[in-house]
$ cat upload-v7.csv   # CSV, C-alpha atoms and all ligand atoms
chain,number,residue,atom,x,y,z
X,253,MET,CA,11.4,33.7,4.3
X,254,LYS,CA,9.3,30.5,4.2
X,255,ILE,CA,11.0,27.3,5.1
X,256,GLY,CA,10.8,25.9,1.5
X,257,THR,CA,13.0,28.8,0.4
X,258,LYS,CA,15.2,28.8,3.4
X,259,ILE,CA,16.2,25.1,2.6
X,260,LEU,CA,18.1,26.6,-0.4
X,261,HIS,CA,19.1,29.9,1.1
X,262,THR,CA,20.2,29.6,4.7
X,263,GLY,CA,23.2,31.8,4.0
X,264,ASN,CA,25.6,28.9,4.3
X,265,GLU,CA,25.1,27.4,0.9
X,266,ILE,CA,27.9,29.3,-1.0
X,267,ASP,CA,31.6,28.6,-0.5
X,268,PRO,CA,32.8,31.8,1.2
X,269,THR,CA,36.3,31.7,-0.4
X,270,THR,CA,35.5,30.9,-4.0
X,271,GLY,CA,31.8,31.6,-4.5
X,272,ALA,CA,31.3,28.0,-5.6
X,273,VAL,CA,27.6,27.1,-5.4
X,274,SER,CA,28.5,23.8,-3.9
X,275,ILE,CA,30.5,23.6,-0.6
X,276,PRO,CA,33.9,22.0,-1.3
X,277,VAL,CA,34.6,18.6,0.3
X,278,HIS,CA,37.5,19.4,2.6
X,279,HIS,CA,39.2,16.0,2.9
X,280,ALA,CA,41.8,17.3,5.4
X,281,ALA,CA,42.4,15.7,8.8
X,282,THR,CA,44.6,18.5,10.1
X,283,PHE,CA,45.2,22.2,9.4
X,284,GLN,CA,48.4,24.3,9.2
X,285,GLN,CA,48.7,26.8,12.1
X,286,ALA,CA,50.4,30.2,11.8
X,287,LYS,CA,52.4,30.0,15.0
X,288,ALA,CA,52.9,27.6,17.9
X,289,ASP,CA,50.5,29.6,20.0
X,290,GLU,CA,48.4,31.2,17.4
X,291,PHE,CA,45.7,29.1,15.8
X,292,GLY,CA,43.4,29.5,12.8
X,293,PRO,CA,39.7,28.7,12.8
X,294,TYR,CA,40.4,25.0,12.2
X,295,ASP,CA,43.0,22.7,13.8
X,296,TYR,CA,41.9,19.1,13.5
X,297,SER,CA,38.8,17.7,11.7
X,298,ARG,CA,37.3,15.9,14.7
X,299,SER,CA,37.1,19.4,16.3
X,300,GLY,CA,35.9,21.1,13.2
X,301,ASN,CA,35.9,20.8,9.4
X,302,PRO,CA,34.7,23.5,6.9
X,303,THR,CA,32.4,21.1,5.1
X,304,ARG,CA,30.9,19.9,8.3
X,305,ASP,CA,30.6,23.5,9.5
X,306,ALA,CA,28.5,24.4,6.5
X,307,LEU,CA,26.2,21.4,7.1
X,308,GLU,CA,25.9,22.1,10.8
X,309,ALA,CA,25.0,25.8,10.1
X,310,ILE,CA,22.3,24.7,7.6
X,311,ILE,CA,20.6,22.4,10.0
X,312,ALA,CA,20.8,24.9,12.8
X,313,SER,CA,19.2,27.5,10.6
X,314,LEU,CA,16.4,25.2,9.4
X,315,GLU,CA,15.5,24.0,12.9
X,316,GLY,CA,15.9,27.5,14.4
X,317,GLY,CA,18.5,26.6,16.9
X,318,VAL,CA,21.8,28.2,17.9
X,319,LYS,CA,24.1,25.4,16.7
X,320,GLY,CA,24.0,22.1,14.8
X,321,PHE,CA,26.1,19.0,15.1
X,322,ALA,CA,26.8,16.3,12.5
X,323,PHE,CA,27.4,12.7,13.6
X,324,SER,CA,28.3,9.5,11.9
X,325,SER,CA,24.8,8.1,12.2
X,326,GLY,CA,21.4,8.8,13.8
X,327,MET,CA,22.4,6.5,16.7
X,328,ALA,CA,25.7,8.4,17.1
X,329,ALA,CA,23.8,11.6,17.4
X,330,ILE,CA,21.3,10.1,19.9
X,331,SER,CA,24.0,8.4,22.0
X,332,SER,CA,26.2,11.5,22.0
X,333,VAL,CA,23.2,13.6,23.3
X,334,PHE,CA,22.6,10.9,26.0
X,335,LEU,CA,26.2,11.5,27.2
X,336,LEU,CA,24.9,14.8,28.6
X,337,PHE,CA,23.6,12.6,31.5
X,338,SER,CA,25.5,11.0,34.4
X,339,PRO,CA,25.1,7.9,36.6
X,340,GLY,CA,22.1,8.3,38.8
X,341,ASP,CA,20.2,10.4,36.2
X,342,HIS,CA,16.8,9.3,35.0
X,343,LEU,CA,15.0,9.9,31.7
X,344,VAL,CA,11.4,9.6,30.6
X,345,ALA,CA,11.1,8.4,27.0
X,346,CYS,CA,8.1,7.6,24.8
X,347,GLU,CA,7.3,3.9,24.8
X,348,ASP,CA,7.1,3.6,21.1
X,349,VAL,CA,10.6,5.0,20.6
X,350,TYR,CA,12.8,3.9,17.6
X,351,GLY,CA,14.1,0.4,18.3
X,352,GLY,CA,17.8,1.4,18.3
X,353,THR,CA,17.1,4.1,20.8
X,354,TYR,CA,15.3,1.6,23.1
X,355,ARG,CA,18.2,-0.8,22.7
X,356,VAL,CA,20.9,1.8,23.6
X,357,LEU,CA,18.9,3.0,26.6
X,358,THR,CA,18.0,-0.4,28.0
X,359,ARG,CA,21.2,-2.3,27.2
X,360,LEU,CA,24.0,0.3,27.3
X,361,PHE,CA,23.1,3.5,29.1
X,362,ASN,CA,21.4,1.5,31.8
X,363,ARG,CA,24.8,-0.1,32.5
X,364,LEU,CA,26.3,3.4,32.9
X,365,GLY,CA,23.7,4.1,35.6
X,366,ILE,CA,21.3,6.1,33.5
X,367,GLU,CA,17.8,4.7,34.0
X,368,THR,CA,14.8,5.2,31.6
X,369,THR,CA,11.1,4.9,32.2
X,370,PHE,CA,9.0,4.4,29.0
X,371,VAL,CA,5.5,5.8,28.9
X,372,ASP,CA,2.8,6.7,26.5
X,373,PHE,CA,3.5,10.4,25.7
X,374,THR,CA,0.1,10.9,24.2
X,375,ASP,CA,-1.1,10.9,27.8
X,376,LEU,CA,0.7,13.8,29.5
X,377,SER,CA,-0.5,12.7,33.0
X,378,LYS,CA,1.6,9.5,32.5
X,379,VAL,CA,4.6,11.5,31.6
X,380,ARG,CA,4.0,13.8,34.7
X,381,GLU,CA,3.7,10.7,37.0
X,382,ALA,CA,6.9,9.2,35.7
X,383,ILE,CA,9.0,12.3,36.5
X,384,ARG,CA,11.2,11.8,39.6
X,385,ASP,CA,13.5,13.9,41.6
X,386,ASN,CA,16.5,12.7,39.5
X,387,THR,CA,14.7,12.9,36.1
X,388,LYS,CA,16.8,15.0,33.8
X,389,ALA,CA,15.0,14.9,30.5
X,390,LEU,CA,11.9,14.0,28.5
X,391,TYR,CA,12.6,12.2,25.2
X,392,LEU,CA,10.1,11.7,22.4
X,393,GLU,CA,9.2,11.2,18.8
X,394,THR,CA,6.1,12.6,17.1
X,395,PRO,CA,4.6,11.2,15.0
X,396,SER,CA,6.0,8.0,16.6
X,397,ASN,CA,7.3,4.9,15.0
X,398,PRO,CA,5.6,2.9,13.6
X,399,LEU,CA,2.0,3.8,14.8
X,400,LEU,CA,2.4,7.5,14.1
X,401,LYS,CA,1.0,8.5,17.5
X,402,ILE,CA,1.0,12.2,18.1
X,403,THR,CA,2.5,14.0,21.1
X,404,ASP,CA,1.7,17.6,22.0
X,405,LEU,CA,5.0,19.4,21.7
X,406,ARG,CA,3.9,22.6,23.4
X,407,ALA,CA,2.6,20.7,26.4
X,408,VAL,CA,5.7,18.5,26.8
X,409,SER,CA,8.1,21.5,26.6
X,410,ALA,CA,6.0,23.4,29.1
X,411,LEU,CA,6.1,20.4,31.5
X,412,ALA,CA,9.9,20.1,31.1
X,413,LYS,CA,10.3,23.8,31.7
X,414,GLU,CA,8.0,23.7,34.8
X,415,ARG,CA,10.2,20.8,36.2
X,416,GLY,CA,13.5,22.4,35.1
X,417,ILE,CA,14.5,19.5,32.9
X,418,LEU,CA,15.4,19.1,29.2
X,419,SER,CA,13.0,18.2,26.4
X,420,ILE,CA,14.5,16.2,23.5
X,421,ILE,CA,12.9,15.2,20.3
X,422,ASP,CA,13.9,12.9,17.5
X,423,ASN,CA,12.4,14.8,14.5
X,424,THR,CA,13.4,12.2,11.8
X,425,PHE,CA,9.9,11.5,10.5
X,426,MET,CA,9.0,15.2,10.0
X,427,THR,CA,12.2,17.0,9.1
X,428,PRO,CA,12.4,20.8,9.7
X,429,TYR,CA,10.4,21.3,6.5
X,430,LEU,CA,7.3,20.0,8.2
X,431,GLN,CA,8.0,20.5,12.0
X,432,ARG,CA,10.3,22.8,13.9
X,433,PRO,CA,10.1,21.7,17.5
X,434,ILE,CA,12.3,24.5,18.9
X,435,GLU,CA,9.5,27.0,18.0
X,436,TYR,CA,7.4,25.1,20.6
X,437,GLY,CA,10.1,25.3,23.3
X,438,MET,CA,11.9,22.0,22.8
X,439,ASP,CA,15.6,22.1,23.8
X,440,ILE,CA,17.3,19.6,21.6
X,441,VAL,CA,16.3,18.3,18.1
X,442,ILE,CA,17.9,15.1,16.8
X,443,HIS,CA,17.7,13.5,13.3
X,444,SER,CA,18.6,10.3,11.7
X,445,ALA,CA,19.6,12.2,8.6
X,446,THR,CA,20.0,8.8,6.9
X,447,LYS,CA,16.3,9.1,6.2
X,448,TYR,CA,14.5,12.1,4.7
X,449,LEU,CA,17.2,14.7,5.0
X,450,GLY,CA,19.7,12.6,3.0
X,451,GLY,CA,16.7,11.3,1.0
X,452,HIS,CA,18.5,8.9,-1.3
X,453,SER,CA,19.3,5.9,1.0
X,454,ASP,CA,23.0,6.5,0.3
X,455,VAL,CA,24.4,8.1,3.4
X,456,LEU,CA,24.3,7.1,7.0
X,457,SER,CA,24.3,10.3,9.2
X,458,GLY,CA,22.9,12.0,12.3
X,459,LEU,CA,22.3,15.5,13.3
X,460,ALA,CA,21.6,17.4,16.6
X,461,VAL,CA,20.5,21.0,17.1
X,462,ALA,CA,20.7,22.8,20.4
X,463,ALA,CA,18.2,25.6,21.2
X,464,ASP,CA,20.5,27.6,23.5
X,465,GLY,CA,24.2,28.4,23.8
X,466,LYS,CA,24.8,26.5,27.1
X,467,LEU,CA,23.5,23.2,25.6
X,468,ALA,CA,25.4,23.9,22.4
X,469,ASN,CA,28.7,24.2,24.3
X,470,GLN,CA,27.9,20.9,26.2
X,471,ILE,CA,27.1,19.0,22.9
X,472,LYS,CA,30.1,20.6,21.2
X,473,PHE,CA,32.3,19.2,24.0
X,474,ILE,CA,30.8,15.7,23.7
X,475,GLN,CA,31.1,15.8,19.9
X,476,ASN,CA,34.8,16.5,20.0
X,477,ALA,CA,35.6,14.4,23.1
X,478,PHE,CA,33.6,11.3,22.1
X,479,GLY,CA,34.4,11.8,18.4
X,480,ALA,CA,31.5,10.2,16.5
X,481,VAL,CA,31.6,12.9,13.8
X,482,LEU,CA,30.4,12.8,10.2
X,483,GLY,CA,33.1,12.7,7.5
X,484,PRO,CA,33.4,15.5,5.0
X,485,GLN,CA,32.2,13.4,2.0
X,486,ASP,CA,29.1,12.4,3.8
X,487,CYS,CA,28.5,15.9,5.0
X,488,TRP,CA,28.5,17.0,1.3
X,489,LEU,CA,26.1,14.2,0.3
X,490,LEU,CA,23.8,15.3,3.0
X,491,MET,CA,23.9,19.0,1.9
X,492,ARG,CA,23.2,17.8,-1.6
X,493,GLY,CA,20.2,15.8,-0.4
X,494,ILE,CA,18.8,18.7,1.7
X,495,LYS,CA,18.6,20.9,-1.3
X,496,THR,CA,15.6,18.9,-2.7
X,497,LEU,CA,14.0,18.3,0.7
X,498,LYS,CA,10.9,20.4,-0.1
X,499,ALA,CA,10.3,18.8,-3.5
X,500,ARG,CA,10.7,15.3,-2.1
X,501,MET,CA,8.6,15.8,1.0
X,502,ASP,CA,5.8,17.3,-1.0
X,503,MET,CA,5.8,14.2,-3.3
X,504,HIS,CA,6.1,11.8,-0.4
X,505,GLN,CA,3.1,13.3,1.3
X,506,LYS,CA,1.0,13.4,-1.7
X,507,GLY,CA,1.7,9.8,-2.5
X,508,ALA,CA,1.2,8.7,1.1
X,509,ALA,CA,-2.2,10.5,1.4
X,510,LYS,CA,-3.4,8.8,-1.8
X,511,LEU,CA,-2.1,5.3,-0.6
X,512,ALA,CA,-3.5,5.7,2.9
X,513,GLU,CA,-7.0,6.5,1.5
X,514,TRP,CA,-6.8,3.6,-0.9
X,515,LEU,CA,-5.6,1.1,1.8
X,516,GLN,CA,-8.6,2.1,4.0
X,517,GLY,CA,-10.9,0.7,1.4
X,518,ARG,CA,-9.3,-2.7,1.1
X,519,PRO,CA,-10.9,-5.7,2.8
X,520,GLU,CA,-7.4,-7.3,3.5
X,521,VAL,CA,-6.5,-4.2,5.6
X,522,LYS,CA,-7.7,-4.0,9.2
X,523,GLU,CA,-6.4,-0.6,10.2
X,524,VAL,CA,-4.5,2.3,8.6
X,525,PHE,CA,-2.3,4.7,10.5
X,526,PHE,CA,-1.6,8.0,8.9
X,527,PRO,CA,-1.7,11.5,10.5
X,528,GLY,CA,-3.5,12.9,7.4
X,529,LEU,CA,-6.5,10.6,7.8
X,530,PRO,CA,-9.7,12.0,9.4
X,531,GLY,CA,-10.1,10.2,12.7
X,532,HIS,CA,-6.3,9.6,13.2
X,533,PRO,CA,-5.8,10.1,17.0
X,534,GLY,CA,-4.1,13.4,17.7
X,535,ARG,CA,-4.7,14.7,14.2
X,536,GLU,CA,-5.7,18.2,15.4
X,537,ILE,CA,-2.6,18.5,17.6
X,538,HIS,CA,-0.4,17.3,14.8
X,539,LYS,CA,-2.0,20.0,12.5
X,540,SER,CA,-1.2,22.6,15.1
X,541,GLN,CA,2.5,21.8,15.2
X,542,ALA,CA,3.4,20.4,11.8
X,543,ASP,CA,2.8,21.5,8.2
X,544,GLY,CA,1.9,18.1,6.8
X,545,PRO,CA,1.3,14.4,7.6
X,546,GLY,CA,4.6,13.2,6.3
X,547,GLY,CA,5.3,10.2,4.1
X,548,ILE,CA,4.9,7.2,6.3
X,549,VAL,CA,1.8,5.0,6.3
X,550,SER,CA,1.5,2.0,8.6
X,551,PHE,CA,-1.2,-0.6,8.4
X,552,ARG,CA,-2.5,-3.8,9.9
X,553,LEU,CA,-3.5,-6.7,7.7
X,554,GLN,CA,-6.2,-9.1,8.8
X,555,THR,CA,-3.6,-11.7,10.0
X,556,GLU,CA,0.1,-12.2,10.4
X,557,GLU,CA,0.1,-14.7,7.7
X,558,ILE,CA,-1.5,-12.3,5.2
X,559,ALA,CA,1.1,-9.7,6.2
X,560,LYS,CA,4.0,-12.0,5.5
X,561,LYS,CA,2.5,-13.2,2.1
X,562,PHE,CA,1.8,-9.6,1.1
X,563,LEU,CA,5.4,-8.6,1.9
X,564,SER,CA,6.9,-11.3,-0.2
X,565,SER,CA,4.7,-10.4,-3.1
X,566,VAL,CA,5.3,-6.6,-3.4
X,567,ARG,CA,7.7,-5.8,-6.3
X,568,LEU,CA,8.3,-2.0,-6.4
X,569,PRO,CA,9.2,-1.1,-2.9
X,570,VAL,CA,12.5,-2.2,-1.3
X,571,LEU,CA,11.7,-4.7,1.4
X,572,GLY,CA,13.9,-3.8,4.3
X,573,VAL,CA,14.8,-1.4,7.1
X,574,SER,CA,15.1,2.4,6.8
X,575,LEU,CA,12.7,5.0,5.4
X,576,GLY,CA,12.7,8.4,3.8
X,577,GLY,CA,14.4,7.5,0.6
X,578,VAL,CA,13.2,8.5,-2.9
X,579,GLU,CA,12.4,4.9,-3.5
X,580,SER,CA,9.5,3.3,-1.5
X,581,ILE,CA,10.7,1.1,1.4
X,582,ILE,CA,8.4,-1.4,3.0
X,583,THR,CA,9.3,-2.7,6.5
X,584,TYR,CA,8.1,-5.5,8.7
X,585,PRO,CA,8.6,-3.8,12.1
X,586,VAL,CA,8.5,-7.0,14.2
X,587,THR,CA,11.6,-8.5,12.6
X,588,MET,CA,13.2,-5.3,11.3
X,589,SER,CA,13.0,-1.8,12.7
X,590,HIS,CA,11.7,-3.0,16.1
X,591,ALA,CA,13.6,-6.3,16.4
X,592,ALA,CA,15.8,-4.8,19.2
X,593,MET,CA,12.7,-4.2,21.3
X,594,HIS,CA,11.8,-6.8,24.0
X,595,PRO,CA,8.8,-8.9,22.7
X,596,ASP,CA,6.7,-7.9,25.7
X,597,HIS,CA,7.4,-4.2,25.1
X,598,ARG,CA,6.7,-4.7,21.3
X,599,LYS,CA,3.3,-6.1,22.2
X,600,ARG,CA,2.6,-3.3,24.7
X,601,VAL,CA,3.1,-0.7,22.0
X,602,GLY,CA,1.2,-2.5,19.3
X,603,VAL,CA,4.1,-3.7,17.1
X,604,THR,CA,2.6,-7.1,16.2
X,605,GLY,CA,3.0,-9.6,13.3
X,606,ASP,CA,0.1,-8.1,11.3
X,607,LEU,CA,1.7,-4.7,11.1
X,608,VAL,CA,3.5,-3.2,8.0
X,609,ARG,CA,5.2,0.2,7.7
X,610,PHE,CA,5.4,1.8,4.3
X,611,SER,CA,7.7,4.7,3.6
X,612,VAL,CA,6.1,6.0,0.4
X,613,GLY,CA,8.6,7.0,-2.2
X,614,ILE,CA,8.3,9.5,-5.0
X,615,GLU,CA,7.2,6.9,-7.6
X,616,ASP,CA,4.0,7.6,-9.4
X,617,PRO,CA,1.4,6.7,-6.7
X,618,ASP,CA,-0.8,4.9,-9.3
X,619,ASP,CA,2.0,2.4,-9.9
X,620,LEU,CA,2.5,1.9,-6.2
X,621,ILE,CA,-1.2,1.2,-5.8
X,622,ASP,CA,-1.2,-1.3,-8.7
X,623,ASP,CA,1.7,-3.1,-7.0
X,624,LEU,CA,0.1,-3.2,-3.6
X,625,ASP,CA,-3.1,-4.3,-5.3
X,626,GLN,CA,-1.5,-7.4,-6.9
X,627,ALA,CA,0.4,-8.2,-3.6
X,628,LEU,CA,-2.8,-8.0,-1.6
X,629,ARG,CA,-4.6,-10.3,-4.1
X,630,GLN,CA,-1.9,-12.9,-3.6
X,631,ALA,CA,-1.9,-12.6,0.2
V,1,LIG,C1,16.7,5.2,11.6
V,1,LIG,C2,16.3,6.0,12.8
V,1,LIG,C3,17.2,6.3,13.8
V,1,LIG,C4,18.6,5.8,13.8
V,1,LIG,O1,19.4,6.4,12.8
V,1,LIG,P1,20.7,5.7,12.1
V,1,LIG,O2,21.1,6.7,11.1
V,1,LIG,O3,20.2,4.4,11.5
V,1,LIG,O4,21.7,5.4,13.1
V,1,LIG,C5,16.8,7.0,14.9
V,1,LIG,N1,15.5,7.5,15.0
V,1,LIG,C6,14.6,7.2,14.0
V,1,LIG,C7,13.2,7.7,14.2
V,1,LIG,C8,15.0,6.5,12.9
V,1,LIG,O5,14.1,6.2,12.0

$ encode --input "upload-v7.csv" --output "structure tokens"
Amino acid sequence: MKIGTKILHTGNEIDPTTGAVSIPVHHAATFQQAKADEFGPYDYSRSGNPTRDALEAIIASLEGGVKGFAFSSGMAAISSVFLLFSPGDHLVACEDVYGGTYRVLTRLFNRLGIETTFVDFTDLSKVREAIRDNTKALYLETPSNPLLKITDLRAVSALAKERGILSIIDNTFMTPYLQRPIEYGMDIVIHSATKYLGGHSDVLSGLAVAADGKLANQIKFIQNAFGAVLGPQDCWLLMRGIKTLKARMDMHQKGAAKLAEWLQGRPEVKEVFFPGLPGHPGREIHKSQADGPGGIVSFRLQTEEIAKKFLSSVRLPVLGVSLGGVESIITYPVTMSHAAMHPDHRKRVGVTGDLVRFSVGIEDPDDLIDDLDQALRQA
């Protein structure tokens, strides 16, 4: 079955007890047990809930892993996965990692004795050089945020295997519809499901998928012990969103491709970043591991001043943080998505005042272009 069909038919989409075509929302905190020492499949909703189970089975199936886990946010998923590590452990992460991930690593997990080195993952020799005796994992995003840099997943997972360490990817920008990293040997896939998987900017949620049983057991233990689980109502919203993932992603990509090309021809625009553009660095690698460019276009305006004027003149897109919603969302990374990053680090990874990130929604692309056109004229 192709992934576009599998999104609707993973085998977990029908309620097993009633045949309902939508999984019921089980708003139960606890479950009746048959005897004092004989338990049913569920005992307490932090440990397991039938609605959450259905969602977790769906994401595991789509990513091709053995088990999925749902958390209360993307950061809850990411932080719970980092709880696999212990004081004295070291991680190597991509330098243009999501701002919140950078913050939790440099201001929270560092206090717990887990150290991280940030390097450019598009240069594998730098990743190799950063690995130490106590390194336990490689952590990356591809395409990265917000410059859409491409990392070779096969090469990273091979390097991790060679060194006997874990490879972890935040697959938020691609979703399993476009990129399934476990197929290339990655060990753990994480999502901010708040973005494309939910798709409607109405539910905060995170997911993790383990590629093997041993990791699944470890993450299961953390999910239950730490307790940052997703509630049943939000699990249902997410399953509802996932049903239209293919339709939405196809439209996001089509719109993004049209906009990226149009932006390239504008004199106010200095540089356009989009994996679908000819000449985008790493485009061939991206094509070899993903089924499309995604729906995010970033671009530099001629000056910071023009960028700010432009942002206050756009009318259709939401101006703010987040991405992956049906509505277009335009972000100023310096003060929004990457505000948590140290200014020096921001500069190092190219997040400067002239940069804008555009999450292209499913509006008619011609209307988006008209709006960007009037905003650029005012800038
Ligand atoms: C938004 C985002 C996160 C954080 O997810 P939340 O659901 O906001 O906690 C992590 N990684 C990426 C790439 C994101 O875009």

$ residues_around --input "upload-v7.csv" --residues "stretch 371-387 of chain X" --least-positions-apart "4" --cutoff "6 Å" --atoms "only C-alpha atoms" --output "PyMOL selection string"
chain X and resi 341-343+346-347+403

$ closest_residue --input "upload-v7.csv" --among "X:Gln505, X:Thr368, X:Ser313, X:Ser274" --to "X:Ile434" --atoms "all atoms listed in the file"
X:Ser313

$ closest_atom_pairs --input "upload-v7.csv" --of "chain X" --to "ligand LIG 1 (chain V)" --cutoff "6 Å" --atoms "only C-alpha atoms and all ligand atoms" --output "JSON lines"
{"residue": "X:Ser325", "atom": "CA", "partner": "V:LIG1", "partner_atom": "O2", "distance": 4.1}
{"residue": "X:Gly326", "atom": "CA", "partner": "V:LIG1", "partner_atom": "O1", "distance": 3.3}
{"residue": "X:Met327", "atom": "CA", "partner": "V:LIG1", "partner_atom": "O4", "distance": 3.8}
{"residue": "X:Tyr350", "atom": "CA", "partner": "V:LIG1", "partner_atom": "C7", "distance": 5.1}
{"residue": "X:Thr424", "atom": "CA", "partner": "V:LIG1", "partner_atom": "C7", "distance": 5.1}
{"residue": "X:Ser444", "atom": "CA", "partner": "V:LIG1", "partner_atom": "O1", "distance": 4.1}
{"residue": "X:Thr446", "atom": "CA", "partner": "V:LIG1", "partner_atom": "O2", "distance": 4.8}
{"residue": "X:Leu456", "atom": "CA", "partner": "V:LIG1", "partner_atom": "O2", "distance": 5.2}
{"residue": "X:Ser457", "atom": "CA", "partner": "V:LIG1", "partner_atom": "O2", "distance": 5.2}
{"residue": "X:Gly458", "atom": "CA", "partner": "V:LIG1", "partner_atom": "O2", "distance": 5.7}
{"residue": "X:Ser574", "atom": "CA", "partner": "V:LIG1", "partner_atom": "C1", "distance": 5.8}

$ closest_residue --input "upload-v7.csv" --among "X:Val601, X:Ala412, X:Leu482, X:Ile558" --to "X:Ala389" --atoms "all atoms listed in the file"
X:Ala412

$ atom_distance --input "upload-v7.csv" --atom1 "atom CA of X:Glu414" --atom2 "atom CA of X:Leu336"
20.1 Å

$ residues_around --input "upload-v7.csv" --residues "X:Met501" --least-positions-apart "4" --cutoff "10 Å" --atoms "all atoms listed in the file" --output "PDB file with C-alpha atoms, in the coordinates of the input"
ATOM      1  CA  MET X 426       9.000  15.200  10.000  1.00  0.00           C
ATOM      2  CA  THR X 427      12.200  17.000   9.100  1.00  0.00           C
ATOM      3  CA  TYR X 429      10.400  21.300   6.500  1.00  0.00           C
ATOM      4  CA  LEU X 430       7.300  20.000   8.200  1.00  0.00           C
ATOM      5  CA  TYR X 448      14.500  12.100   4.700  1.00  0.00           C
ATOM      6  CA  LEU X 449      17.200  14.700   5.000  1.00  0.00           C
ATOM      7  CA  GLY X 451      16.700  11.300   1.000  1.00  0.00           C
ATOM      8  CA  THR X 496      15.600  18.900  -2.700  1.00  0.00           C
ATOM      9  CA  LEU X 497      14.000  18.300   0.700  1.00  0.00           C
ATOM     10  CA  GLN X 505       3.100  13.300   1.300  1.00  0.00           C
ATOM     11  CA  LYS X 506       1.000  13.400  -1.700  1.00  0.00           C
ATOM     12  CA  GLY X 507       1.700   9.800  -2.500  1.00  0.00           C
ATOM     13  CA  GLY X 544       1.900  18.100   6.800  1.00  0.00           C
ATOM     14  CA  PRO X 545       1.300  14.400   7.600  1.00  0.00           C
ATOM     15  CA  GLY X 546       4.600  13.200   6.300  1.00  0.00           C
ATOM     16  CA  GLY X 547       5.300  10.200   4.100  1.00  0.00           C
ATOM     17  CA  GLY X 576      12.700   8.400   3.800  1.00  0.00           C
ATOM     18  CA  VAL X 578      13.200   8.500  -2.900  1.00  0.00           C
ATOM     19  CA  GLY X 613       8.600   7.000  -2.200  1.00  0.00           C
ATOM     20  CA  ILE X 614       8.300   9.500  -5.000  1.00  0.00           C
TER      21      ILE X 614
END

$ residues_around --input "upload-v7.csv" --residues "stretch 566-571 of chain X" --least-positions-apart "4" --cutoff "8 Å" --atoms "all atoms listed in the file" --output "ChimeraX atom specification"
/X:562,579-583,620,623-624,626-627
